[in-house]
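Q: So I've got this file, input.pdb, and it contains PDB, C-alpha atoms and all ligand atoms:
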```pdb
ATOM      1  CA  MET A  18       0.000   0.000   0.000
ATOM      2  CA  ARG A  19       1.233   3.454  -0.821
ATOM      3  CA  TYR A  20       0.130   6.448   1.105
ATOM      4  CA  ALA A  21      -1.351   9.272  -0.898
ATOM      5  CA  ARG A  22      -1.974  12.748   0.353
ATOM      6  CA  GLY A  23      -5.492  13.514   1.569
ATOM      7  CA  GLY A  24      -8.142  10.874   0.915
ATOM      8  CA  LYS A  25      -6.359   7.607   1.599
ATOM      9  CA  ALA A  26      -4.530   8.966   4.598
ATOM     10  CA  GLU A  27      -7.825  10.186   6.038
ATOM     11  CA  THR A  28      -9.304   6.704   5.541
ATOM     12  CA  LEU A  29      -6.345   5.074   7.266
ATOM     13  CA  ARG A  30      -6.572   7.459  10.175
ATOM     14  CA  MET A  31     -10.159   6.610  11.250
ATOM     15  CA  ASP A  32      -9.612   8.845  14.283
ATOM     16  CA  ARG A  33      -6.805   6.657  15.555
ATOM     17  CA  LEU A  34      -3.688   8.069  17.094
ATOM     18  CA  LEU A  35      -0.953   7.277  14.595
ATOM     19  CA  THR A  36       2.667   6.916  15.670
ATOM     20  CA  LEU A  37       5.326   7.054  12.998
ATOM     21  CA  ALA A  38       8.056   4.571  13.962
ATOM     22  CA  ILE A  39      11.534   5.147  12.562
ATOM     23  CA  ASP A  40      14.459   2.786  13.084
ATOM     24  CA  ILE A  41      17.817   4.172  11.985
ATOM     25  CA  GLY A  42      20.458   1.585  11.180
ATOM     26  CA  GLY A  43      23.965   1.770   9.802
ATOM     27  CA  SER A  44      22.770   0.603   6.371
ATOM     28  CA  GLY A  45      19.055   1.438   6.242
ATOM     29  CA  ILE A  46      16.391   3.661   7.776
ATOM     30  CA  LYS A  47      13.089   1.841   8.268
ATOM     31  CA  ALA A  48       9.721   3.427   8.903
ATOM     32  CA  ALA A  49       6.142   2.313   9.549
ATOM     33  CA  LEU A  50       2.938   3.697  10.975
ATOM     34  CA  LEU A  51       1.560   2.163  14.162
ATOM     35  CA  ASP A  52      -2.001   2.489  15.387
ATOM     36  CA  ASP A  53      -2.871   3.172  19.017
ATOM     37  CA  LYS A  54      -2.600  -0.543  19.815
ATOM     38  CA  GLY A  55       0.919  -0.562  18.401
ATOM     39  CA  GLU A  56      -0.012  -2.540  15.305
ATOM     40  CA  ILE A  57       1.425  -1.710  11.909
ATOM     41  CA  VAL A  58      -0.927   0.121   9.581
ATOM     42  CA  GLY A  59      -0.114  -0.271   5.881
ATOM     43  CA  GLU A  60       3.318  -0.808   4.385
ATOM     44  CA  ARG A  61       6.786  -0.506   5.804
ATOM     45  CA  VAL A  62       9.439   1.555   4.060
ATOM     46  CA  ARG A  63      13.209   1.256   3.986
ATOM     47  CA  VAL A  64      15.591   3.785   2.498
ATOM     48  CA  PRO A  65      19.385   3.492   2.528
ATOM     49  CA  THR A  66      21.272   5.318   5.262
ATOM     50  CA  PRO A  67      23.600   7.851   3.582
ATOM     51  CA  PRO A  68      27.288   6.999   3.997
ATOM     52  CA  ALA A  69      29.028   8.183   7.165
ATOM     53  CA  PRO A  70      29.959  10.735   8.271
ATOM     54  CA  LEU A  71      26.545  12.405   8.233
ATOM     55  CA  GLY A  72      26.058  16.042   9.076
ATOM     56  CA  ARG A  73      23.105  17.203  11.161
ATOM     57  CA  GLU A  74      21.073  18.505   8.228
ATOM     58  CA  GLU A  75      21.868  15.410   6.202
ATOM     59  CA  LEU A  76      20.615  13.221   9.047
ATOM     60  CA  VAL A  77      17.340  15.130   9.333
ATOM     61  CA  ALA A  78      16.905  15.011   5.529
ATOM     62  CA  ALA A  79      17.532  11.229   5.474
ATOM     63  CA  ILE A  80      14.974  10.642   8.243
ATOM     64  CA  ASP A  81      12.493  12.905   6.473
ATOM     65  CA  HIS A  82      13.047  10.904   3.289
ATOM     66  CA  ALA A  83      12.022   7.702   5.108
ATOM     67  CA  ALA A  84       8.989   9.484   6.575
ATOM     68  CA  ALA A  85       7.889  11.084   3.317
ATOM     69  CA  PRO A  86       5.527   8.292   2.154
ATOM     70  CA  PHE A  87       3.453   8.649   5.314
ATOM     71  CA  ALA A  88       0.909  11.359   4.769
ATOM     72  CA  ALA A  89      -0.547  11.506   8.273
ATOM     73  CA  PHE A  90       0.894  10.900  11.718
ATOM     74  CA  ASP A  91       0.427  12.424  15.154
ATOM     75  CA  ARG A  92       3.748  11.706  16.821
ATOM     76  CA  VAL A  93       7.078  10.123  15.986
ATOM     77  CA  SER A  94       9.436   7.675  17.713
ATOM     78  CA  VAL A  95      13.000   7.329  16.499
ATOM     79  CA  GLY A  96      15.411   4.519  17.384
ATOM     80  CA  PHE A  97      18.926   5.912  16.966
ATOM     81  CA  PRO A  98      22.121   3.792  16.697
ATOM     82  CA  GLY A  99      24.078   5.547  19.410
ATOM     83  CA  PHE A 100      23.950   6.921  22.909
ATOM     84  CA  VAL A 101      21.029   9.328  23.295
ATOM     85  CA  ARG A 102      20.302  11.415  26.345
ATOM     86  CA  ASP A 103      17.032  13.378  26.611
ATOM     87  CA  GLY A 104      16.609  13.276  22.843
ATOM     88  CA  ARG A 105      20.110  14.631  22.225
ATOM     89  CA  ILE A 106      22.768  12.566  20.446
ATOM     90  CA  VAL A 107      25.819  11.855  22.577
ATOM     91  CA  THR A 108      27.563   9.322  20.319
ATOM     92  CA  ALA A 109      26.924   7.979  16.825
ATOM     93  CA  PRO A 110      29.723   5.485  16.209
ATOM     94  CA  ASN A 111      28.435   4.215  12.874
ATOM     95  CA  LEU A 112      27.117   7.523  11.528
ATOM     96  CA  GLY A 113      29.840   9.858  12.755
ATOM     97  CA  THR A 114      30.100  11.129  16.314
ATOM     98  CA  PRO A 115      32.174  14.287  15.600
ATOM     99  CA  LEU A 116      29.426  15.928  13.508
ATOM    100  CA  LEU A 117      26.431  14.616  15.461
ATOM    101  CA  ALA A 118      27.523  14.769  19.108
ATOM    102  CA  GLY A 119      25.430  17.284  21.028
ATOM    103  CA  PHE A 120      22.750  17.478  18.320
ATOM    104  CA  ASP A 121      19.227  17.787  19.723
ATOM    105  CA  LEU A 122      17.696  15.422  17.158
ATOM    106  CA  GLU A 123      14.398  15.229  19.042
ATOM    107  CA  GLY A 124      14.037  19.018  19.038
ATOM    108  CA  ALA A 125      15.106  19.376  15.399
ATOM    109  CA  LEU A 126      12.634  16.745  14.152
ATOM    110  CA  GLY A 127       9.879  18.167  16.343
ATOM    111  CA  ARG A 128      10.358  21.590  14.773
ATOM    112  CA  HIS A 129      10.674  20.079  11.297
ATOM    113  CA  TRP A 130       7.365  18.186  11.416
ATOM    114  CA  GLY A 131       5.532  20.255  14.020
ATOM    115  CA  LYS A 132       4.775  17.022  15.913
ATOM    116  CA  PRO A 133       5.840  15.532  19.238
ATOM    117  CA  VAL A 134       8.969  13.419  18.709
ATOM    118  CA  ARG A 135      10.853  11.064  21.007
ATOM    119  CA  VAL A 136      14.325   9.797  20.176
ATOM    120  CA  ALA A 137      15.955   6.905  22.031
ATOM    121  CA  ASN A 138      18.723   4.362  21.554
ATOM    122  CA  ASP A 139      17.825   1.728  18.938
ATOM    123  CA  ALA A 140      18.404  -1.271  21.236
ATOM    124  CA  ASP A 141      16.212   0.332  23.909
ATOM    125  CA  VAL A 142      13.418   0.751  21.355
ATOM    126  CA  GLN A 143      13.781  -2.790  20.013
ATOM    127  CA  GLY A 144      13.647  -4.025  23.593
ATOM    128  CA  LEU A 145      10.390  -2.169  24.221
ATOM    129  CA  GLY A 146       8.953  -4.107  21.290
ATOM    130  CA  ALA A 147      10.197  -7.466  22.556
ATOM    131  CA  ILE A 148      10.047  -7.743  26.329
ATOM    132  CA  ARG A 149       7.308  -9.392  28.369
ATOM    133  CA  GLY A 150       7.712  -7.005  31.291
ATOM    134  CA  GLU A 151       8.736  -9.726  33.751
ATOM    135  CA  GLY A 152      11.938  -9.739  35.752
ATOM    136  CA  VAL A 153      15.325  -8.766  34.363
ATOM    137  CA  GLU A 154      15.182  -8.801  30.590
ATOM    138  CA  MET A 155      18.165  -7.950  28.429
ATOM    139  CA  VAL A 156      18.425  -7.191  24.716
ATOM    140  CA  LEU A 157      21.513  -7.602  22.549
ATOM    141  CA  THR A 158      21.156  -6.359  18.984
ATOM    142  CA  LEU A 159      23.473  -7.734  16.335
ATOM    143  CA  GLY A 160      23.815  -5.325  13.423
ATOM    144  CA  THR A 161      26.449  -2.897  12.225
ATOM    145  CA  GLY A 162      27.264  -2.493  15.923
ATOM    146  CA  ALA A 163      26.199  -4.356  19.067
ATOM    147  CA  GLY A 164      23.366  -2.655  20.944
ATOM    148  CA  THR A 165      22.380  -3.463  24.529
ATOM    149  CA  ALA A 166      19.352  -2.663  26.670
ATOM    150  CA  LEU A 167      18.247  -3.775  30.116
ATOM    151  CA  PHE A 168      14.759  -3.792  31.666
ATOM    152  CA  LYS A 169      13.390  -4.620  35.098
ATOM    153  CA  ASP A 170       9.701  -5.585  35.170
ATOM    154  CA  GLY A 171       9.175  -3.684  31.932
ATOM    155  CA  THR A 172      10.973  -0.505  33.003
ATOM    156  CA  LEU A 173      14.011   0.519  31.001
ATOM    157  CA  LEU A 174      17.176   0.903  33.032
ATOM    158  CA  PRO A 175      18.617   3.585  30.787
ATOM    159  CA  HIS A 176      22.002   3.986  29.176
ATOM    160  CA  LEU A 177      23.396   0.492  29.311
ATOM    161  CA  GLU A 178      25.900   0.854  26.484
ATOM    162  CA  LEU A 179      28.276  -2.089  26.332
ATOM    163  CA  ALA A 180      29.180  -1.500  22.652
ATOM    164  CA  HIS A 181      32.445   0.274  23.394
ATOM    165  CA  HIS A 182      33.534  -1.737  26.401
ATOM    166  CA  PRO A 183      36.218  -4.401  26.094
ATOM    167  CA  VAL A 184      34.922  -7.953  25.835
ATOM    168  CA  SER A 185      37.907  -9.864  24.496
ATOM    169  CA  ARG A 186      41.557  -8.882  24.748
ATOM    170  CA  ASN A 187      41.637  -5.534  22.944
ATOM    171  CA  LYS A 188      38.206  -5.790  21.285
ATOM    172  CA  THR A 189      35.028  -3.991  22.205
ATOM    173  CA  TYR A 190      31.576  -5.572  21.817
ATOM    174  CA  ASP A 191      31.168  -3.632  18.549
ATOM    175  CA  GLU A 192      34.481  -4.937  17.240
ATOM    176  CA  TYR A 193      33.874  -8.491  18.486
ATOM    177  CA  LEU A 194      30.250  -8.934  17.397
ATOM    178  CA  GLY A 195      29.569  -6.188  14.838
ATOM    179  CA  ASN A 196      28.988  -6.750  11.156
ATOM    180  CA  ALA A 197      32.613  -6.090  10.176
ATOM    181  CA  ALA A 198      33.728  -8.901  12.530
ATOM    182  CA  ARG A 199      31.087 -11.287  11.162
ATOM    183  CA  ALA A 200      32.153 -10.503   7.592
ATOM    184  CA  LYS A 201      35.838 -11.000   8.457
ATOM    185  CA  LYS A 202      35.644 -14.100  10.665
ATOM    186  CA  GLY A 203      32.714 -15.860   8.959
ATOM    187  CA  ASN A 204      29.407 -16.953  10.453
ATOM    188  CA  LYS A 205      30.758 -20.027  12.260
ATOM    189  CA  ALA A 206      33.395 -18.164  14.288
ATOM    190  CA  TRP A 207      30.978 -15.264  14.825
ATOM    191  CA  ASN A 208      28.361 -17.661  16.240
ATOM    192  CA  LYS A 209      30.968 -18.945  18.708
ATOM    193  CA  ARG A 210      31.591 -15.368  19.766
ATOM    194  CA  VAL A 211      27.880 -14.794  20.318
ATOM    195  CA  ALA A 212      27.702 -17.968  22.443
ATOM    196  CA  ARG A 213      30.593 -16.708  24.565
ATOM    197  CA  VAL A 214      29.018 -13.269  24.976
ATOM    198  CA  ILE A 215      25.696 -14.813  26.076
ATOM    199  CA  GLU A 216      27.498 -16.388  29.029
ATOM    200  CA  ILE A 217      29.401 -13.173  29.785
ATOM    201  CA  LEU A 218      26.119 -11.240  29.875
ATOM    202  CA  ARG A 219      24.524 -13.917  32.041
ATOM    203  CA  SER A 220      27.272 -13.512  34.617
ATOM    204  CA  LEU A 221      27.156  -9.713  34.271
ATOM    205  CA  VAL A 222      23.437  -9.025  34.804
ATOM    206  CA  HIS A 223      21.915 -12.450  35.657
ATOM    207  CA  PHE A 224      19.131 -11.899  33.178
ATOM    208  CA  ASP A 225      15.888 -13.848  33.406
ATOM    209  CA  HIS A 226      15.677 -13.631  29.650
ATOM    210  CA  LEU A 227      17.997 -12.426  26.887
ATOM    211  CA  TYR A 228      16.668 -11.400  23.491
ATOM    212  CA  LEU A 229      18.918 -11.403  20.445
ATOM    213  CA  GLY A 230      17.813  -8.916  17.796
ATOM    214  CA  GLY A 231      19.196  -6.843  14.926
ATOM    215  CA  GLY A 232      19.549  -7.779  11.256
ATOM    216  CA  ASN A 233      22.424 -10.217  11.844
ATOM    217  CA  ALA A 234      20.341 -12.350  14.219
ATOM    218  CA  ALA A 235      19.319 -14.001  10.936
ATOM    219  CA  HIS A 236      22.867 -15.470  10.803
ATOM    220  CA  LEU A 237      22.628 -17.182  14.193
ATOM    221  CA  SER A 238      22.896 -20.953  13.989
ATOM    222  CA  LEU A 239      24.019 -21.854  17.524
ATOM    223  CA  SER A 240      21.628 -23.754  19.754
ATOM    224  CA  LEU A 241      20.304 -21.309  22.289
ATOM    225  CA  PRO A 242      19.735 -21.863  26.020
ATOM    226  CA  ALA A 243      16.075 -21.845  27.108
ATOM    227  CA  ASP A 244      16.383 -18.341  28.535
ATOM    228  CA  VAL A 245      17.669 -16.832  25.296
ATOM    229  CA  SER A 246      15.582 -16.202  22.196
ATOM    230  CA  ILE A 247      15.817 -14.489  18.845
ATOM    231  CA  ILE A 248      13.445 -11.605  18.239
ATOM    232  CA  PRO A 249      12.296 -10.252  14.886
ATOM    233  CA  ASN A 250      13.995  -7.138  13.626
ATOM    234  CA  LEU A 251      10.516  -5.713  13.213
ATOM    235  CA  ASP A 252      10.507  -5.174  16.999
ATOM    236  CA  GLY A 253      12.784  -2.187  16.283
ATOM    237  CA  LEU A 254       9.687  -0.522  14.813
ATOM    238  CA  LEU A 255       7.044  -2.066  17.091
ATOM    239  CA  GLY A 256       8.872  -0.813  20.188
ATOM    240  CA  ALA A 257       8.130   2.747  19.077
ATOM    241  CA  ILE A 258       4.786   2.711  20.854
ATOM    242  CA  GLY A 259       6.511   1.889  24.151
ATOM    243  CA  LEU A 260       8.236   5.277  24.146
ATOM    244  CA  TRP A 261       4.793   6.876  24.670
ATOM    245  CA  ARG A 262       3.561   4.707  27.528
ATOM    246  CA  ASP A 263       3.379   7.728  29.830
ATOM    247  CA  ALA A 264       1.517   9.953  27.329
ATOM    248  CA  ALA A 265      -2.098  10.995  27.988
ATOM    249  CA  PRO A 266      -4.622   8.992  25.897
ATOM    250  CA  SER A 267      -6.116  12.092  24.250
ATOM    251  CA  PHE A 268      -2.741  13.399  23.203
ATOM    252  CA  PRO A 269      -2.265  14.966  20.656
ATOM    253  CA  PRO A 270      -5.043  16.501  18.542
ATOM    254  CA  PRO A 271      -5.332  14.940  15.076
ATOM    255  CA  SER A 272      -3.600  16.826  12.318
ATOM    256  CA  LEU A 273      -2.227  15.971   8.927
ATOM    257  CA  SER A 274       1.356  16.385   7.922
ATOM    258  CA  SER A 275       2.358  16.604   4.326
ATOM    259  CA  GLY A 276       4.070  13.718   2.633
ATOM    260  CA  GLY A 277       4.911  12.556  -0.833
ATOM    261  CA  GLU A 278       4.214   9.309  -2.586
ATOM    262  CA  ARG A 279       7.798   8.131  -2.701
ATOM    263  CA  GLU A 280       8.782   4.704  -1.658
ATOM    264  CA  GLU A 281      12.231   3.238  -1.938
ATOM    265  CA  ARG A 282      13.621  -0.110  -1.049
ATOM    266  CA  GLY A 283      17.211  -0.659  -0.050
ATOM    267  CA  GLU A 284      19.605  -3.583  -0.094
ATOM    268  CA  ASP A 285      19.620  -6.163   2.660
ATOM    269  CA  GLY A 286      22.117  -5.308   5.338
ATOM    270  CA  PRO A 287      23.096  -5.868   8.930
ATOM    271  CA  ASP A 288      20.122  -3.790   9.987
ATOM    272  CA  GLY A 289      17.682  -6.273   8.475
ATOM    273  CA  GLU A 290      16.010  -7.407   5.333
ATOM    274  CA  ALA A 291      14.926  -4.928   2.739
ATOM    275  CA  ILE A 292      11.208  -4.621   3.413
TER     276      ILE A 292
HETATM  277  C1  LIG A 301      26.201   1.999  19.449
HETATM  278  C2  LIG A 301      24.947   1.662  20.252
HETATM  279  C3  LIG A 301      23.921   1.075  19.328
HETATM  280  C4  LIG A 301      24.512  -0.108  18.597
HETATM  281  C5  LIG A 301      23.537  -0.717  17.617
HETATM  282  C6  LIG A 301      26.696   0.782  18.736
HETATM  283  O1  LIG A 301      27.814   1.113  17.952
HETATM  284  O2  LIG A 301      27.200   2.481  20.315
HETATM  285  O3  LIG A 301      24.450   2.812  20.862
HETATM  286  O4  LIG A 301      22.797   0.682  20.085
HETATM  287  O5  LIG A 301      25.670   0.277  17.880
HETATM  288  O6  LIG A 301      23.159   0.191  16.639
END
```
So that I can check it, write out the structure of this file as structure tokens.
Ligand code: BGC
A:
Amino acid sequence: MRYARGGKAETLRMDRLLTLAIDIGGSGIKAALLDDKGEIVGERVRVPTPPAPLGREELVAAIDHAAAPFAAFDRVSVGFPGFVRDGRIVTAPNLGTPLLAGFDLEGALGRHWGKPVRVANDADVQGLGAIRGEGVEMVLTLGTGAGTALFKDGTLLPHLELAHHPVSRNKTYDEYLGNAARAKKGNKAWNKRVARVIEILRSLVHFDHLYLGGGNAAHLSLSLPADVSIIPNLDGLLGAIGLWRDAAPSFPPPSLSSGGEREERGEDGPDGEAI
């Protein structure tokens, strides 16, 4: 389904609160509309992420490009592949920290669209889409980098960022598990690394459940312990609704944003299948 301006968007809306979910990866930016129950409405879109390093305006333009097919939405959630604090980018290892550090992406997108926007770390958002809300649940995303998130009874314990910590000799989690390592070492050796990291994380946080997500979870072939499972990459979009759990039900008033009829599909990559 393509979204047209006006008529079709109005039909889709049916007075529902529509959240635009955006998941920024190192190779692709994915977007979908979610209804107030958090279910996907219509088609998903994927556009390629421009090559790093990205400037601030280039980042906003790339996100806007992914959002362009969606004619109507009330609020936006963005999963960002780096450390985010209060909607402001702190690090962006795979997109370019020097140009993006300190950028208030949440504020910039909010002004750009005239809508409420929330920006959070991509692994945190994927976790919100995956967890059951019971006990200590951990998420490890396997994509361009290695994202981590931790929850206790459904509440995010913010800013768990293992990606740049050492995990093996002189390698960080990103270097040990990221897509470059998988491409260099091959899937078999990479799977062994994932198995080792599962046990390291178990001893680190004593999770009740560990979810493995990200586009490269598709390359996992190891047999998993009962308390570890693979989650669909789609959870990176579905988690978007979780960022608004504290928002008032009537919020915000319906309005239409403008959008085009473009739709582009990118190559498969560590951030997931082309959709
Ligand atoms: C970043 C994390 C991010 C992960 C997955 C890492 O390089 O530091 O913040 O969650 O990549 O995108």
Q: Taking all atoms listed in the file into account, report as a ChimeraX atom specification which residues have an atom no farther than 7 Å from an atom of ligand LIG 301 (chain A).
A: /A:42,98-100,108-111,138-140,158,160-165,178,180-181,191
Q: Taking 6 positions as the minimum chain separation for residues in the same chain, which residues sit within 6 Å of range 56-62 of chain A when counting only C-alpha atoms? Answer as a PyMOL selection string.
A: chain A and resi 18+47-50
Q: Name the residues within 10 Å of (23.2, 3.3, 31.6), counting all atoms listed in the file in the file's coordinates, and put them as a ChimeraX atom specification.
A: /A:100,165-167,173-179
Q: For the PyMOL selection byres (((chain A and resi 240-245) around 10) and not hetatm), applied here, can you spell out every residue it catches as a PDB file with C-alpha atoms, in the frame of the given file?
A:
```
ATOM      1  CA  GLU A 154      15.182  -8.801  30.590  1.00  0.00           C
ATOM      2  CA  MET A 155      18.165  -7.950  28.429  1.00  0.00           C
ATOM      3  CA  VAL A 156      18.425  -7.191  24.716  1.00  0.00           C
ATOM      4  CA  ASN A 208      28.361 -17.661  16.240  1.00  0.00           C
ATOM      5  CA  ALA A 212      27.702 -17.968  22.443  1.00  0.00           C
ATOM      6  CA  ILE A 215      25.696 -14.813  26.076  1.00  0.00           C
ATOM      7  CA  GLU A 216      27.498 -16.388  29.029  1.00  0.00           C
ATOM      8  CA  ARG A 219      24.524 -13.917  32.041  1.00  0.00           C
ATOM      9  CA  PHE A 224      19.131 -11.899  33.178  1.00  0.00           C
ATOM     10  CA  ASP A 225      15.888 -13.848  33.406  1.00  0.00           C
ATOM     11  CA  HIS A 226      15.677 -13.631  29.650  1.00  0.00           C
ATOM     12  CA  LEU A 227      17.997 -12.426  26.887  1.00  0.00           C
ATOM     13  CA  TYR A 228      16.668 -11.400  23.491  1.00  0.00           C
ATOM     14  CA  LEU A 229      18.918 -11.403  20.445  1.00  0.00           C
ATOM     15  CA  LEU A 237      22.628 -17.182  14.193  1.00  0.00           C
ATOM     16  CA  SER A 238      22.896 -20.953  13.989  1.00  0.00           C
ATOM     17  CA  LEU A 239      24.019 -21.854  17.524  1.00  0.00           C
ATOM     18  CA  SER A 246      15.582 -16.202  22.196  1.00  0.00           C
ATOM     19  CA  ILE A 247      15.817 -14.489  18.845  1.00  0.00           C
ATOM     20  CA  ILE A 248      13.445 -11.605  18.239  1.00  0.00           C
TER      21      ILE A 248
END
```
Q: Could you tell me which residues the PyMOL selection byres (((chain A and resi 125-127) around 10) and not hetatm) returns for this structure, as an NGL selection string?
A: :A and (73-74 or 77-78 or 80-81 or 92-93 or 95 or 104-105 or 120-124 or 128-136)
Q: Of the candidates A:Leu251, A:Leu76, A:Leu221, A:Leu159, which one gets nearest to Tyr193 in chain A if we count only C-alpha atoms?
A: A:Leu159
